[in-house]
Amino acid sequence: MPANLPPQYFEAEKNFRLAKRPEEKIAALEEMLAIMPKHKGTDHLRAELRGRIAKLTQLATKKSGAHRASMAIEKEGAAQVAVIGLPNAGKSQLVASITNASPTVAEYPFTTQTATPGMMEFENIQIQLIDTPPLVPQSIEWWLRHMLIRADALLVVVDLSDAPLAQMEDITTKLEEIRIVIGERKAEESGTILYQKKALIIGSKLDLDNTSENYTTLHNKYKEQFPVIAISAKEGIGLEELKLKIYQMLDIIRVYTKTPGQKPDFNDPIILKRGSTLEDAAADVHKDFAHKLKYARIWGSGKHDGLMVKRDHTLQDGDVIELHL
Ligand SMILES: Nc1nc2c(ncn2[C@@H]2O[C@H](COP(=O)(O)OP(=O)(O)O)[C@@H](O)[C@H]2O)c(=O)[nH]1
Ligand SMILES: [Mg+2]
C-alpha cells in the first residue's frame, strides 16, 4: 500500500466495500482513483483500480442494456466546473449561454435529470462546465455526489427573483448532507470527512424586477466567503465578468513554451496550478524533462527579458519559457 494516501481515500474505499450495485462500486473506485496522488509508487494500484472499473462497467452495461454504467464525465480543457442549484434557478440557461452545449431550458422544474457538459471559452483556453440536476432529495443520486467531488470547483446558481438567502441555506444544507462544504469553512468540524470545494455564487435573472436589491443582500452576506456575481444569462449581462471570475477562482496559470529563436504559440498554453515551478512546467511538457532540465530562459511578468532561471523558480500567469535540457 503506497504511503501518503489522504484520509478521503480510505473513506472512498469504505464506500466501495459497502456498495451493492456495480454503479456505486464504480463511482467509489473512480473517486479513489481521482484522490490518489499520481507518481511511480501508485502506478500499480492505479492500474488495478482501472482494471476493476473496466470489469464492473462491462457487468453493469450488460445488466442495463445500452445505458452507461457511470455518469462520470471525462475532464476536458483546463478545468471542470459543475453548475449547481435548486430547480428553475437558471442553471441550464447559463450553460446554454456561455458554452457550446444546449441543455433544455424550461419554466417547469426538473427538466434536467442528467448532467450535460459544455465548453466555455475564456481568452485562449477552454473550461468545461457541467449542467446538473437540481439539488433536491429525489435527484441527488450517488453519481451526482461523485461528480461534484471530482469537479475542480462549483458554480452555485441562485435565482435573484426568489429569496436568494433561503436558497443558499437550502443548498448548503443539501451539500452538507452529502458531506460537501463550500467556501472557506473548516472541513473536519464534525469529525466526519467532508469534501471542501471552491465555489462561486451566481445571482441569476438580473433582468427581472427588484432583483438588484436581492443581489445586494446576497452579496453582503457572502462576499467574505465567496466571489459573488449577478448576471442575466438571458440578456447577456455580466457574462464576461463571470468568465473572468471563474478563471480566477480556479487558481490556475497559463505558461507558454518556445524554442530558441522562435516565437511562442500563444494559442497553446500549459495549464498549471498557481504556485507551480519551472520544474512542474517541464514535467508537464514531457515526463523526462523534469530531471533533464538544466535551466530556462523566461519572458514576462515584469522580469528582465530572457532572464535565466532555475528549476525552483515560481511561474506567473502569462510567462514564456524556453527550456534548456
Ligand atoms: N428573466 C430571466 N429568466 C431566466 C434567466 N435564466 C433562466 N431563466 C428562466 O428560468 C426558468 C428556468 O431556467 P433553467 O435554466 O431551465 O433552470 P434550471 O432548472 O436551473 O436549469 C426558465 O423559464 C428560464 O427561461 C434569465 O437570465 N432571465
Ligand atoms: Mg436545468
# chains A, B, ... in the order shown; residues from 1 in each chain; ligands from 1

call {"tool": "select_by_dssp", "arguments": {"residues": "range 19-134 of chain A", "states": "strand (DSSP E)", "output": "list in words"}}
result
Gln80, Val81, Ala82, Val83, Ile84, Gly85, Thr116, Pro117, Gly118, Met119, Met120, Glu121, Phe122, Ile125, Gln126, Ile127, Gln128, Leu129, Ile130 and Asp131 of chain A

call {"tool": "residues_around", "arguments": {"residues": "Pro103 in chain A", "least_positions_apart": "4", "cutoff": "12 Å", "atoms": "only C-alpha atoms", "output": "ChimeraX atom specification"}}
result
/A:90-99,111-118,129-133

call {"tool": "write_last_selection", "arguments": {"atoms": "C-alpha atoms", "output": "PDB file, in the first residue's frame"}}
result
ATOM      1  CA  GLY A  90     -31.317  29.228 -14.382  1.00  0.00           C
ATOM      2  CA  LYS A  91     -28.501  26.667 -14.450  1.00  0.00           C
ATOM      3  CA  SER A  92     -29.322  25.266 -17.873  1.00  0.00           C
ATOM      4  CA  GLN A  93     -29.872  28.734 -19.332  1.00  0.00           C
ATOM      5  CA  LEU A  94     -26.448  29.764 -18.058  1.00  0.00           C
ATOM      6  CA  VAL A  95     -24.703  26.715 -19.511  1.00  0.00           C
ATOM      7  CA  ALA A  96     -26.543  27.278 -22.797  1.00  0.00           C
ATOM      8  CA  SER A  97     -25.465  30.949 -22.853  1.00  0.00           C
ATOM      9  CA  ILE A  98     -21.755  30.580 -22.126  1.00  0.00           C
ATOM     10  CA  THR A  99     -20.832  27.183 -23.576  1.00  0.00           C
ATOM     11  CA  THR A 111     -36.125  19.453 -16.732  1.00  0.00           C
ATOM     12  CA  THR A 112     -32.549  18.421 -16.155  1.00  0.00           C
ATOM     13  CA  GLN A 113     -32.213  14.858 -14.911  1.00  0.00           C
ATOM     14  CA  THR A 114     -28.787  14.103 -16.267  1.00  0.00           C
ATOM     15  CA  ALA A 115     -25.546  16.010 -16.491  1.00  0.00           C
ATOM     16  CA  THR A 116     -24.621  17.886 -19.661  1.00  0.00           C
ATOM     17  CA  PRO A 117     -21.074  19.100 -20.247  1.00  0.00           C
ATOM     18  CA  GLY A 118     -20.220  22.103 -22.415  1.00  0.00           C
ATOM     19  CA  LEU A 129     -18.930  23.404 -17.337  1.00  0.00           C
ATOM     20  CA  ILE A 130     -21.392  20.687 -16.356  1.00  0.00           C
ATOM     21  CA  ASP A 131     -25.110  21.371 -16.083  1.00  0.00           C
ATOM     22  CA  THR A 132     -26.550  19.165 -13.329  1.00  0.00           C
ATOM     23  CA  PRO A 133     -29.954  18.136 -11.964  1.00  0.00           C
TER      24      PRO A 133
END

call {"tool": "closest_residue", "arguments": {"among": "A:Ile246, A:Val136, A:Val181, A:Ile271", "to": "ligand 1", "atoms": "only C-alpha atoms and all ligand atoms"}}
result
A:Val136

call {"tool": "closest_residue", "arguments": {"among": "A:Ala72, A:Val255, A:Ile231, A:Leu165", "to": "ligand 1", "atoms": "only C-alpha atoms and all ligand atoms"}}
result
A:Ile231

call {"tool": "atom_distance", "arguments": {"atom1": "CA of Pro137 in chain A", "atom2": "CA of Asn220 in chain A"}}
result
28.7 Å

call {"tool": "closest_residue", "arguments": {"among": "A:Ala199, A:Ile53, A:Ala166, A:Met36", "to": "Ile182 in chain A", "atoms": "only C-alpha atoms"}}
result
A:Ala199

call {"tool": "atom_distance", "arguments": {"atom1": "CA of Ile127 in chain A", "atom2": "CA of Leu194 in chain A"}}
result
25.6 Å

call {"tool": "decode", "arguments": {"residues": "range 44-121 of chain A", "atoms": "C-alpha atoms", "output": "JSON list (two decimals), in the first residue's frame"}}
result
[["chain", "number", "residue", "atom", "x", "y", "z"],
["A", 44, "HIS", "CA", 0.42, -0.32, -9.82],
["A", 45, "LEU", "CA", -2.57, 0.45, -7.65],
["A", 46, "ARG", "CA", -3.98, 2.90, -10.18],
["A", 47, "ALA", "CA", -3.75, 0.27, -12.93],
["A", 48, "GLU", "CA", -5.50, -2.20, -10.69],
["A", 49, "LEU", "CA", -8.34, 0.24, -9.96],
["A", 50, "ARG", "CA", -8.75, 0.98, -13.66],
["A", 51, "GLY", "CA", -8.95, -2.74, -14.35],
["A", 52, "ARG", "CA", -11.68, -3.17, -11.75],
["A", 53, "ILE", "CA", -13.62, -0.22, -13.16],
["A", 54, "ALA", "CA", -13.44, -1.71, -16.65],
["A", 55, "LYS", "CA", -14.74, -5.10, -15.42],
["A", 56, "LEU", "CA", -17.57, -3.58, -13.41],
["A", 57, "THR", "CA", -18.52, -1.32, -16.31],
["A", 58, "GLN", "CA", -18.87, -4.36, -18.58],
["A", 59, "LEU", "CA", -21.01, -6.06, -15.98],
["A", 60, "ALA", "CA", -23.23, -3.04, -15.42],
["A", 61, "THR", "CA", -23.64, -2.37, -19.15],
["A", 62, "LYS", "CA", -24.73, -5.96, -19.73],
["A", 63, "LYS", "CA", -27.32, -5.65, -16.99],
["A", 64, "SER", "CA", -28.84, -2.36, -18.00],
["A", 65, "GLY", "CA", -28.62, -2.67, -21.78],
["A", 66, "ALA", "CA", -27.41, 0.40, -23.59],
["A", 67, "HIS", "CA", -27.27, 2.62, -20.50],
["A", 68, "ARG", "CA", -23.93, 3.92, -19.43],
["A", 69, "ALA", "CA", -22.98, 2.47, -16.10],
["A", 70, "SER", "CA", -21.27, 5.60, -14.94],
["A", 71, "MET", "CA", -22.28, 9.21, -15.41],
["A", 72, "ALA", "CA", -18.72, 10.32, -14.80],
["A", 73, "ILE", "CA", -17.78, 13.00, -17.32],
["A", 74, "GLU", "CA", -14.24, 12.95, -18.58],
["A", 75, "LYS", "CA", -12.39, 16.17, -17.83],
["A", 76, "GLU", "CA", -11.72, 18.29, -20.88],
["A", 77, "GLY", "CA", -9.92, 21.58, -21.22],
["A", 78, "ALA", "CA", -8.21, 23.49, -18.43],
["A", 79, "ALA", "CA", -10.68, 22.60, -15.65],
["A", 80, "GLN", "CA", -14.04, 21.03, -14.88],
["A", 81, "VAL", "CA", -16.66, 23.11, -13.08],
["A", 82, "ALA", "CA", -20.11, 21.86, -12.01],
["A", 83, "VAL", "CA", -23.12, 24.21, -12.11],
["A", 84, "ILE", "CA", -25.48, 23.54, -9.21],
["A", 85, "GLY", "CA", -28.59, 24.99, -7.59],
["A", 86, "LEU", "CA", -32.27, 24.49, -6.88],
["A", 87, "PRO", "CA", -34.90, 23.80, -9.59],
["A", 88, "ASN", "CA", -35.51, 26.71, -12.01],
["A", 89, "ALA", "CA", -32.51, 28.72, -10.82],
["A", 90, "GLY", "CA", -31.32, 29.23, -14.38],
["A", 91, "LYS", "CA", -28.50, 26.67, -14.45],
["A", 92, "SER", "CA", -29.32, 25.27, -17.87],
["A", 93, "GLN", "CA", -29.87, 28.73, -19.33],
["A", 94, "LEU", "CA", -26.45, 29.76, -18.06],
["A", 95, "VAL", "CA", -24.70, 26.71, -19.51],
["A", 96, "ALA", "CA", -26.54, 27.28, -22.80],
["A", 97, "SER", "CA", -25.46, 30.95, -22.85],
["A", 98, "ILE", "CA", -21.75, 30.58, -22.13],
["A", 99, "THR", "CA", -20.83, 27.18, -23.58],
["A", 100, "ASN", "CA", -21.29, 25.30, -26.83],
["A", 101, "ALA", "CA", -23.82, 22.95, -25.19],
["A", 102, "SER", "CA", -27.59, 23.32, -25.39],
["A", 103, "PRO", "CA", -29.25, 21.74, -22.36],
["A", 104, "THR", "CA", -33.05, 22.12, -22.24],
["A", 105, "VAL", "CA", -34.26, 25.31, -20.56],
["A", 106, "ALA", "CA", -37.85, 25.32, -19.33],
["A", 107, "GLU", "CA", -40.10, 27.06, -16.85],
["A", 108, "TYR", "CA", -41.18, 23.81, -15.23],
["A", 109, "PRO", "CA", -38.77, 22.34, -12.68],
["A", 110, "PHE", "CA", -36.77, 19.10, -13.01],
["A", 111, "THR", "CA", -36.12, 19.45, -16.73],
["A", 112, "THR", "CA", -32.55, 18.42, -16.15],
["A", 113, "GLN", "CA", -32.21, 14.86, -14.91],
["A", 114, "THR", "CA", -28.79, 14.10, -16.27],
["A", 115, "ALA", "CA", -25.55, 16.01, -16.49],
["A", 116, "THR", "CA", -24.62, 17.89, -19.66],
["A", 117, "PRO", "CA", -21.07, 19.10, -20.25],
["A", 118, "GLY", "CA", -20.22, 22.10, -22.41],
["A", 119, "MET", "CA", -17.03, 24.00, -23.17],
["A", 120, "MET", "CA", -16.70, 27.66, -22.21],
["A", 121, "GLU", "CA", -14.12, 29.75, -24.00]]
